[in-house]
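Only one structure is covered here, and it is reproduced in the block below.
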Amino acid sequence: MKKENRIKKNHEFSRIFDEGTSVANRQFVVYVLKKTDQPHFRVGLTVSKKMGNAVARNRMKRLLREALRELSEDLKGERDYIVIARKPVTKMTYHEIKKSLHHVFRVARVLKKK
């Protein structure tokens with residue numbers, strides 16, 4: 001993911017948690033905050049220490065970033081997203097992660113219409 005598409009600052013995460021809306025399935029929770037002043041979307045990832053050691057968490061984040069990169073053309077711009085991984089993600093393959101992310105984004109109604 002490009003640098004301008006990342007959310008890193010703690011106050012940005014807090015603002016999205018406070019003002020955004022959330023949607024969840026068994027594997028992910030997604031917070032969405034509409035921002036009309038930015039032309040592209042930004043994404044922040046959260047993987048808890050409960051998910052495993054640093055190696056396991058970093059692997060999950062890599063898989064999530066790759067899935068988001070592939071789904072980026074389908075996501076609506078002008079929004080900030082926070083993706084929180086839940087415990088079942090530890091046992092999932094890349095394709096299952098991508099499918100589940102697509103599902104939760106569809107439920108959140110943030111996919112572009114084709």
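Please note that chains go A, B, ... in the order of the structure tokens, that every chain numbers its residues from 1, and that ligands are numbered from 1 in the order shown.
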
Inset, instruction - Assign secondary structure with DSSP using the backbone only, and return the residues of chain A in strand (DSSP E) as JSON, numbers by chain. - result: {"A": [21, 22, 23, 24, 28, 29, 30, 31, 32, 33, 34, 42, 43, 44, 45, 46, 79, 80, 81, 82, 83, 84, 85]}

Legend entry - Separation of CA of Ala24 (chain A) from CA of Gly77 (chain A) in Å: 20.1 Å

Inset, instruction - Find the residue from A:Phe41, A:Lys76, A:Gly52, A:Ile97 that sits nearest to Leu64 (chain A); use only C-alpha atoms when measuring. - result: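 Answer, going by the shortest atom-to-atom distance: A:Ile97.
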
Legend entry - His103 (chain A) surroundings by only C-alpha atoms, 12 Å radius, close-in-sequence under 2 positions cut, as a PyMOL selection string: chain A and resi 23-30+71+96-101+105-111

Residues as selected, C-alpha atoms, written as a PDB file, in the first residue's frame, can you do that?
```pdb
ATOM      1  CA  VAL A  23     -19.649  -3.427  10.393  1.00  0.00           C
ATOM      2  CA  ALA A  24     -18.482  -6.908  11.348  1.00  0.00           C
ATOM      3  CA  ASN A  25     -18.466 -10.535  10.361  1.00  0.00           C
ATOM      4  CA  ARG A  26     -16.849 -13.458  12.190  1.00  0.00           C
ATOM      5  CA  GLN A  27     -13.335 -12.622  10.965  1.00  0.00           C
ATOM      6  CA  PHE A  28     -13.174  -8.814  10.734  1.00  0.00           C
ATOM      7  CA  VAL A  29     -14.546  -5.583  12.139  1.00  0.00           C
ATOM      8  CA  VAL A  30     -14.405  -2.618   9.758  1.00  0.00           C
ATOM      9  CA  LEU A  71      -9.619  -4.959  -3.509  1.00  0.00           C
ATOM     10  CA  GLU A  96     -10.344 -17.015   2.518  1.00  0.00           C
ATOM     11  CA  ILE A  97      -9.107 -13.718   3.999  1.00  0.00           C
ATOM     12  CA  LYS A  98      -9.730 -11.896   0.727  1.00  0.00           C
ATOM     13  CA  LYS A  99     -13.215 -13.391   0.391  1.00  0.00           C
ATOM     14  CA  SER A 100     -14.115 -12.471   3.980  1.00  0.00           C
ATOM     15  CA  LEU A 101     -12.812  -8.910   3.541  1.00  0.00           C
ATOM     16  CA  PHE A 105     -16.915  -4.402   2.710  1.00  0.00           C
ATOM     17  CA  ARG A 106     -20.032  -5.412   0.766  1.00  0.00           C
ATOM     18  CA  VAL A 107     -22.072  -5.416   3.999  1.00  0.00           C
ATOM     19  CA  ALA A 108     -20.641  -1.968   4.814  1.00  0.00           C
ATOM     20  CA  ARG A 109     -21.767  -0.798   1.344  1.00  0.00           C
ATOM     21  CA  VAL A 110     -18.395   0.696   0.431  1.00  0.00           C
ATOM     22  CA  LEU A 111     -17.775  -1.272  -2.777  1.00  0.00           C
TER      23      LEU A 111
END
```

Shell of 12 Å around Asp37 (chain A), only C-alpha atoms, local chain residues under 5 positions omitted, as a PDB file with N, CA and C atoms, in the first residue's frame:
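Result file follows (around.pdb):
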```pdb
ATOM      1  N   GLY A  77     -13.568   5.742  -2.738  1.00  0.00           N
ATOM      2  CA  GLY A  77     -12.615   6.706  -2.198  1.00  0.00           C
ATOM      3  C   GLY A  77     -13.291   7.612  -1.189  1.00  0.00           C
ATOM      4  N   GLU A  78     -12.579   8.647  -0.781  1.00  0.00           N
ATOM      5  CA  GLU A  78     -13.081   9.642   0.168  1.00  0.00           C
ATOM      6  C   GLU A  78     -13.494   9.034   1.499  1.00  0.00           C
ATOM      7  N   ARG A  79     -12.822   7.969   1.906  1.00  0.00           N
ATOM      8  CA  ARG A  79     -13.159   7.320   3.164  1.00  0.00           C
ATOM      9  C   ARG A  79     -11.893   6.840   3.870  1.00  0.00           C
ATOM     10  N   ASP A  80     -11.994   6.746   5.199  1.00  0.00           N
ATOM     11  CA  ASP A  80     -10.963   6.104   6.003  1.00  0.00           C
ATOM     12  C   ASP A  80     -11.538   4.791   6.517  1.00  0.00           C
TER      13      ASP A  80
END
```

Considering only C-alpha atoms, tabulate each residue of region 60-98 of chain A that lies at most 12 Å from region 1-14 of chain A along with its nearest interatomic pair and the corresponding distance in Å to one decimal; arrange the rows by chain and ascending residue number and present them as CSV.
```
residue,atom,partner,partner_atom,distance
A:Lys61,CA,A:Met1,CA,11.5
A:Arg62,CA,A:Met1,CA,10.2
A:Leu63,CA,A:Met1,CA,11.8
A:Leu64,CA,A:Met1,CA,10.5
A:Arg65,CA,A:Met1,CA,6.7
A:Glu66,CA,A:Met1,CA,8.0
A:Ala67,CA,A:Met1,CA,10.3
A:Leu68,CA,A:Met1,CA,8.2
A:Arg69,CA,A:Met1,CA,6.3
A:Glu70,CA,A:Met1,CA,10.1
A:Leu71,CA,A:Met1,CA,11.4
A:Ser72,CA,A:Met1,CA,9.4
A:Gly77,CA,A:Asn5,CA,10.3
A:Glu78,CA,A:Asn5,CA,10.9
A:Arg79,CA,A:Asn5,CA,10.3
A:Asp80,CA,A:Ile7,CA,8.0
A:Tyr81,CA,A:Ile7,CA,8.5
A:Ile82,CA,A:Phe13,CA,7.6
A:Val83,CA,A:Phe13,CA,10.7
A:Ile84,CA,A:Phe13,CA,11.5
```

Selection file, N, CA and C atoms, as a JSON list (two decimals), in the first residue's frame:
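Below is the file out02.json, written as the result:
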```json
[["chain", "number", "residue", "atom", "x", "y", "z"],
["A", 61, "LYS", "N", -0.86, -9.21, 8.89],
["A", 61, "LYS", "CA", -0.90, -7.86, 8.33],
["A", 61, "LYS", "C", -0.44, -7.85, 6.88],
["A", 62, "ARG", "N", 0.56, -8.65, 6.55],
["A", 62, "ARG", "CA", 1.01, -8.74, 5.16],
["A", 62, "ARG", "C", -0.10, -9.29, 4.27],
["A", 63, "LEU", "N", -0.77, -10.35, 4.73],
["A", 63, "LEU", "CA", -1.87, -10.93, 3.96],
["A", 63, "LEU", "C", -3.02, -9.92, 3.81],
["A", 64, "LEU", "N", -3.33, -9.20, 4.88],
["A", 64, "LEU", "CA", -4.39, -8.20, 4.82],
["A", 64, "LEU", "C", -4.04, -7.08, 3.84],
["A", 65, "ARG", "N", -2.80, -6.60, 3.90],
["A", 65, "ARG", "CA", -2.38, -5.52, 2.99],
["A", 65, "ARG", "C", -2.49, -5.97, 1.53],
["A", 66, "GLU", "N", -2.08, -7.20, 1.25],
["A", 66, "GLU", "CA", -2.14, -7.70, -0.12],
["A", 66, "GLU", "C", -3.60, -7.85, -0.57],
["A", 67, "ALA", "N", -4.45, -8.37, 0.29],
["A", 67, "ALA", "CA", -5.87, -8.49, -0.05],
["A", 67, "ALA", "C", -6.48, -7.10, -0.28],
["A", 68, "LEU", "N", -6.13, -6.14, 0.55],
["A", 68, "LEU", "CA", -6.65, -4.78, 0.38],
["A", 68, "LEU", "C", -6.12, -4.15, -0.91],
["A", 69, "ARG", "N", -4.87, -4.46, -1.26],
["A", 69, "ARG", "CA", -4.31, -3.93, -2.50],
["A", 69, "ARG", "C", -5.11, -4.44, -3.70],
["A", 70, "GLU", "N", -5.48, -5.72, -3.66],
["A", 70, "GLU", "CA", -6.27, -6.28, -4.76],
["A", 70, "GLU", "C", -7.71, -5.77, -4.76],
["A", 71, "LEU", "N", -8.25, -5.47, -3.59],
["A", 71, "LEU", "CA", -9.62, -4.96, -3.51],
["A", 71, "LEU", "C", -9.69, -3.44, -3.67],
["A", 72, "SER", "N", -8.54, -2.77, -3.75],
["A", 72, "SER", "CA", -8.52, -1.30, -3.74],
["A", 72, "SER", "C", -9.28, -0.68, -4.90],
["A", 77, "GLY", "N", -13.57, 5.74, -2.74],
["A", 77, "GLY", "CA", -12.62, 6.71, -2.20],
["A", 77, "GLY", "C", -13.29, 7.61, -1.19],
["A", 78, "GLU", "N", -12.58, 8.65, -0.78],
["A", 78, "GLU", "CA", -13.08, 9.64, 0.17],
["A", 78, "GLU", "C", -13.49, 9.03, 1.50],
["A", 79, "ARG", "N", -12.82, 7.97, 1.91],
["A", 79, "ARG", "CA", -13.16, 7.32, 3.16],
["A", 79, "ARG", "C", -11.89, 6.84, 3.87],
["A", 80, "ASP", "N", -11.99, 6.75, 5.20],
["A", 80, "ASP", "CA", -10.96, 6.10, 6.00],
["A", 80, "ASP", "C", -11.54, 4.79, 6.52],
["A", 81, "TYR", "N", -10.73, 3.74, 6.46],
["A", 81, "TYR", "CA", -11.15, 2.42, 6.92],
["A", 81, "TYR", "C", -10.18, 1.93, 7.99],
["A", 82, "ILE", "N", -10.72, 1.29, 9.01],
["A", 82, "ILE", "CA", -9.89, 0.56, 9.96],
["A", 82, "ILE", "C", -10.37, -0.88, 9.92],
["A", 83, "VAL", "N", -9.44, -1.80, 9.70],
["A", 83, "VAL", "CA", -9.75, -3.22, 9.64],
["A", 83, "VAL", "C", -9.16, -3.87, 10.88],
["A", 84, "ILE", "N", -10.01, -4.48, 11.69],
["A", 84, "ILE", "CA", -9.58, -5.18, 12.90],
["A", 84, "ILE", "C", -9.75, -6.68, 12.66]]
```

Inset, instruction - Kindly indicate which residue among A:Lys112, A:His102, A:Leu75, A:Thr21 lies nearest to Arg42 (chain A), using only C-alpha atoms for the distances. - result: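 The answer is A:Leu75, which sits nearest to Arg42 (chain A).
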
Inset, instruction - Could you jot down the CA of Met51 (chain A) to CA of Arg15 (chain A) separation for me, Å, one decimal place? - result: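 Between CA of Met51 (chain A) and CA of Arg15 (chain A) the gap works out to 24.6 Å.
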
Legend entry - Residues near Glu19 (chain A), cut-off 10 Å, only C-alpha atoms, skip fewer than 2 positions along chain, as a VMD selection string: chain A and resid 14 to 17 21 to 22 31 to 34
